[in-house]
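Below you'll find the structure, written out as structure tokens, and then a few comments.
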Amino acid sequence: MIELIQITNDPDVARRCDVLDGMRLFVDLERMHKAERQVGRNTFISSHTVATWPDQFGRCVVRC
């Protein structure tokens, strides 16, 4: 089976992914100096935090 990883700040996208088999949600907490390291690249720089993520995404945190 193929497993896919989704990085998202959108609770609706996370909920839709949560019900799909083979889909994993990724909480990207790395932020310190990330923008400087990845300058010029088309990469995702998240605003996830330990404090706010469970409130935004609810059940997804428990499952993942």
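Residues are named by chain letter and number: chains run A, B, ... in the order of the structure tokens, numbers start at 1 in each chain, and ligands are numbered from 1 in the order shown.
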Which residues are near Thr49 in chain A? Cut-off 9 Å, only C-alpha atoms, ignore same chain within fewer than 5 positions. Put them as JSON, numbers by chain.
{"A": [27, 28, 29]}
Create the file for the chosen residues now, containing N, CA, C and O atoms and written as a compact mmCIF listing (two decimals), in the first residue's frame.
# COMPACT_ATOMS: atom_id res chain seq x y z
N VAL A 27 2.83 17.07 11.37
CA VAL A 27 2.89 18.34 12.08
C VAL A 27 4.32 18.83 11.99
O VAL A 27 5.23 18.23 12.55
N ASP A 28 4.52 19.92 11.29
CA ASP A 28 5.85 20.46 11.07
C ASP A 28 6.13 21.53 12.11
O ASP A 28 5.68 22.66 11.99
N LEU A 29 6.87 21.17 13.15
CA LEU A 29 7.17 22.11 14.23
C LEU A 29 8.52 22.80 14.05
O LEU A 29 8.87 23.68 14.83
Determine, counting only C-alpha atoms, which protein, DNA and RNA residues have an atom within 10 Å of an atom of Ile7 in chain A; residues of the same chain fewer than 5 positions away are not included. Present the result as a PyMOL selection string.
chain A and resi 13-14+24-28+44-46+48
Would you save the residues of that selection, restricted to N, CA, C and O atoms, as a PDB file, in the first residue's frame?
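Now in selection04.pdb:
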ATOM      1  N   VAL A  13      -8.872  20.268   5.544  1.00  0.00           N
ATOM      2  CA  VAL A  13      -8.040  19.326   4.784  1.00  0.00           C
ATOM      3  C   VAL A  13      -7.571  18.198   5.712  1.00  0.00           C
ATOM      4  O   VAL A  13      -7.606  17.018   5.345  1.00  0.00           O
ATOM      5  N   ALA A  14      -7.160  18.541   6.917  1.00  0.00           N
ATOM      6  CA  ALA A  14      -6.694  17.530   7.870  1.00  0.00           C
ATOM      7  C   ALA A  14      -7.799  16.534   8.196  1.00  0.00           C
ATOM      8  O   ALA A  14      -7.551  15.328   8.253  1.00  0.00           O
ATOM      9  N   ARG A  24      -1.253  10.002   6.088  1.00  0.00           N
ATOM     10  CA  ARG A  24      -0.730  10.436   7.382  1.00  0.00           C
ATOM     11  C   ARG A  24      -0.612  11.945   7.382  1.00  0.00           C
ATOM     12  O   ARG A  24      -0.244  12.547   6.383  1.00  0.00           O
ATOM     13  N   LEU A  25      -0.914  12.530   8.533  1.00  0.00           N
ATOM     14  CA  LEU A  25      -0.755  13.969   8.699  1.00  0.00           C
ATOM     15  C   LEU A  25       0.580  14.234   9.365  1.00  0.00           C
ATOM     16  O   LEU A  25       1.009  13.488  10.235  1.00  0.00           O
ATOM     17  N   PHE A  26       1.221  15.294   8.949  1.00  0.00           N
ATOM     18  CA  PHE A  26       2.541  15.637   9.453  1.00  0.00           C
ATOM     19  C   PHE A  26       2.459  17.009  10.108  1.00  0.00           C
ATOM     20  O   PHE A  26       2.034  17.975   9.485  1.00  0.00           O
ATOM     21  N   VAL A  27       2.834  17.068  11.372  1.00  0.00           N
ATOM     22  CA  VAL A  27       2.885  18.343  12.082  1.00  0.00           C
ATOM     23  C   VAL A  27       4.321  18.833  11.995  1.00  0.00           C
ATOM     24  O   VAL A  27       5.233  18.233  12.546  1.00  0.00           O
ATOM     25  N   ASP A  28       4.517  19.918  11.288  1.00  0.00           N
ATOM     26  CA  ASP A  28       5.853  20.455  11.070  1.00  0.00           C
ATOM     27  C   ASP A  28       6.132  21.529  12.114  1.00  0.00           C
ATOM     28  O   ASP A  28       5.680  22.657  11.993  1.00  0.00           O
ATOM     29  N   PHE A  44       7.395  24.417   2.152  1.00  0.00           N
ATOM     30  CA  PHE A  44       6.353  24.770   3.111  1.00  0.00           C
ATOM     31  C   PHE A  44       6.995  25.217   4.414  1.00  0.00           C
ATOM     32  O   PHE A  44       7.774  24.480   5.005  1.00  0.00           O
ATOM     33  N   ILE A  45       6.703  26.422   4.850  1.00  0.00           N
ATOM     34  CA  ILE A  45       7.149  26.920   6.147  1.00  0.00           C
ATOM     35  C   ILE A  45       5.891  27.020   7.002  1.00  0.00           C
ATOM     36  O   ILE A  45       5.032  27.866   6.776  1.00  0.00           O
ATOM     37  N   SER A  46       5.769  26.129   7.970  1.00  0.00           N
ATOM     38  CA  SER A  46       4.522  26.040   8.722  1.00  0.00           C
ATOM     39  C   SER A  46       4.442  27.057   9.840  1.00  0.00           C
ATOM     40  O   SER A  46       5.447  27.601  10.296  1.00  0.00           O
ATOM     41  N   HIS A  48       2.654  25.851  12.480  1.00  0.00           N
ATOM     42  CA  HIS A  48       2.223  24.921  13.524  1.00  0.00           C
ATOM     43  C   HIS A  48       2.949  25.216  14.830  1.00  0.00           C
ATOM     44  O   HIS A  48       4.130  25.550  14.826  1.00  0.00           O
TER      45      HIS A  48
END
Go through A:Gly22, A:Arg37, A:Glu30, A:Arg15 and flag the residue nearest Met1 in chain A, using only C-alpha atoms for the distances.
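So, comparing all the options, the nearest one is A:Gly22.
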Atomic distance CA of Thr43 in chain A - CA of Gln6 in chain A, expressed in Å with one decimal:
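That distance, rounded to one decimal, is 13.3 Å.
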Name the closest residue to Lys34 in chain A among the candidates A:Leu4, A:Ser47, A:Asp21, A:Arg16; distances are taken between atoms, counting only C-alpha atoms.
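Among the listed residues, the smallest separation from Lys34 in chain A belongs to A:Ser47.
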Step one, run DSSP on the backbone; step two, keep only residues of range 1-60 of chain A assigned to strand (DSSP E); then write them as number ranges by chain.
A: 4-7, 23-26
With all heavy atoms retained, write the just-selected residues as a JSON list (two decimals), in the first residue's frame.
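The new file part36.json reads:
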[["chain", "number", "residue", "atom", "x", "y", "z"],
["A", 4, "LEU", "N", 0.76, 8.20, 1.96],
["A", 4, "LEU", "CA", 1.00, 9.59, 1.60],
["A", 4, "LEU", "C", 1.09, 10.44, 2.86],
["A", 4, "LEU", "O", 0.43, 10.15, 3.86],
["A", 4, "LEU", "CB", -0.13, 10.11, 0.71],
["A", 4, "LEU", "CG", -0.36, 9.31, -0.58],
["A", 4, "LEU", "CD1", -1.63, 9.79, -1.27],
["A", 4, "LEU", "CD2", 0.83, 9.44, -1.50],
["A", 5, "ILE", "N", 1.86, 11.49, 2.81],
["A", 5, "ILE", "CA", 2.01, 12.40, 3.94],
["A", 5, "ILE", "C", 1.48, 13.76, 3.51],
["A", 5, "ILE", "O", 1.83, 14.27, 2.45],
["A", 5, "ILE", "CB", 3.49, 12.52, 4.36],
["A", 5, "ILE", "CG1", 4.00, 11.18, 4.84],
["A", 5, "ILE", "CG2", 3.65, 13.58, 5.45],
["A", 5, "ILE", "CD1", 5.50, 11.17, 5.11],
["A", 6, "GLN", "N", 0.64, 14.34, 4.35],
["A", 6, "GLN", "CA", 0.08, 15.66, 4.08],
["A", 6, "GLN", "C", 0.53, 16.63, 5.17],
["A", 6, "GLN", "O", 0.34, 16.37, 6.35],
["A", 6, "GLN", "CB", -1.45, 15.59, 4.07],
["A", 6, "GLN", "CG", -2.14, 16.92, 3.91],
["A", 6, "GLN", "CD", -1.92, 17.53, 2.54],
["A", 6, "GLN", "OE1", -2.09, 16.86, 1.53],
["A", 6, "GLN", "NE2", -1.55, 18.79, 2.48],
["A", 7, "ILE", "N", 1.13, 17.73, 4.78],
["A", 7, "ILE", "CA", 1.43, 18.83, 5.70],
["A", 7, "ILE", "C", 0.42, 19.92, 5.39],
["A", 7, "ILE", "O", 0.32, 20.37, 4.25],
["A", 7, "ILE", "CB", 2.86, 19.38, 5.48],
["A", 7, "ILE", "CG1", 3.90, 18.30, 5.65],
["A", 7, "ILE", "CG2", 3.12, 20.53, 6.46],
["A", 7, "ILE", "CD1", 5.30, 18.73, 5.26],
["A", 23, "MET", "N", -3.18, 7.60, 4.54],
["A", 23, "MET", "CA", -2.87, 9.03, 4.59],
["A", 23, "MET", "C", -2.41, 9.38, 5.99],
["A", 23, "MET", "O", -3.06, 9.06, 6.97],
["A", 23, "MET", "CB", -4.10, 9.87, 4.24],
["A", 23, "MET", "CG", -3.87, 11.37, 4.27],
["A", 23, "MET", "SD", -2.72, 11.98, 3.03],
["A", 23, "MET", "CE", -3.70, 11.87, 1.56],
["A", 24, "ARG", "N", -1.25, 10.00, 6.09],
["A", 24, "ARG", "CA", -0.73, 10.44, 7.38],
["A", 24, "ARG", "C", -0.61, 11.94, 7.38],
["A", 24, "ARG", "O", -0.24, 12.55, 6.38],
["A", 24, "ARG", "CB", 0.64, 9.82, 7.64],
["A", 24, "ARG", "CG", 0.59, 8.33, 7.69],
["A", 24, "ARG", "CD", 1.70, 7.80, 8.53],
["A", 24, "ARG", "NE", 1.68, 6.37, 8.51],
["A", 24, "ARG", "CZ", 1.31, 5.65, 9.56],
["A", 24, "ARG", "NH1", 0.96, 6.23, 10.67],
["A", 24, "ARG", "NH2", 1.30, 4.34, 9.49],
["A", 25, "LEU", "N", -0.91, 12.53, 8.53],
["A", 25, "LEU", "CA", -0.75, 13.97, 8.70],
["A", 25, "LEU", "C", 0.58, 14.23, 9.37],
["A", 25, "LEU", "O", 1.01, 13.49, 10.24],
["A", 25, "LEU", "CB", -1.88, 14.54, 9.55],
["A", 25, "LEU", "CG", -3.25, 14.46, 8.91],
["A", 25, "LEU", "CD1", -4.32, 14.84, 9.91],
["A", 25, "LEU", "CD2", -3.33, 15.34, 7.68],
["A", 26, "PHE", "N", 1.22, 15.29, 8.95],
["A", 26, "PHE", "CA", 2.54, 15.64, 9.45],
["A", 26, "PHE", "C", 2.46, 17.01, 10.11],
["A", 26, "PHE", "O", 2.03, 17.97, 9.49],
["A", 26, "PHE", "CB", 3.53, 15.66, 8.28],
["A", 26, "PHE", "CG", 4.94, 15.97, 8.66],
["A", 26, "PHE", "CD1", 5.76, 15.00, 9.19],
["A", 26, "PHE", "CD2", 5.44, 17.24, 8.48],
["A", 26, "PHE", "CE1", 7.07, 15.28, 9.53],
["A", 26, "PHE", "CE2", 6.75, 17.54, 8.81],
["A", 26, "PHE", "CZ", 7.56, 16.55, 9.34]]
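Between CA of Asn9 in chain A and CA of Val50 in chain A the separation is 12.9 Å.
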Between CA of Glu3 in chain A and CA of Val19 in chain A, distance in Å (one decimal)
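Result for CA of Glu3 in chain A versus CA of Val19 in chain A: 13.3 Å, one decimal.
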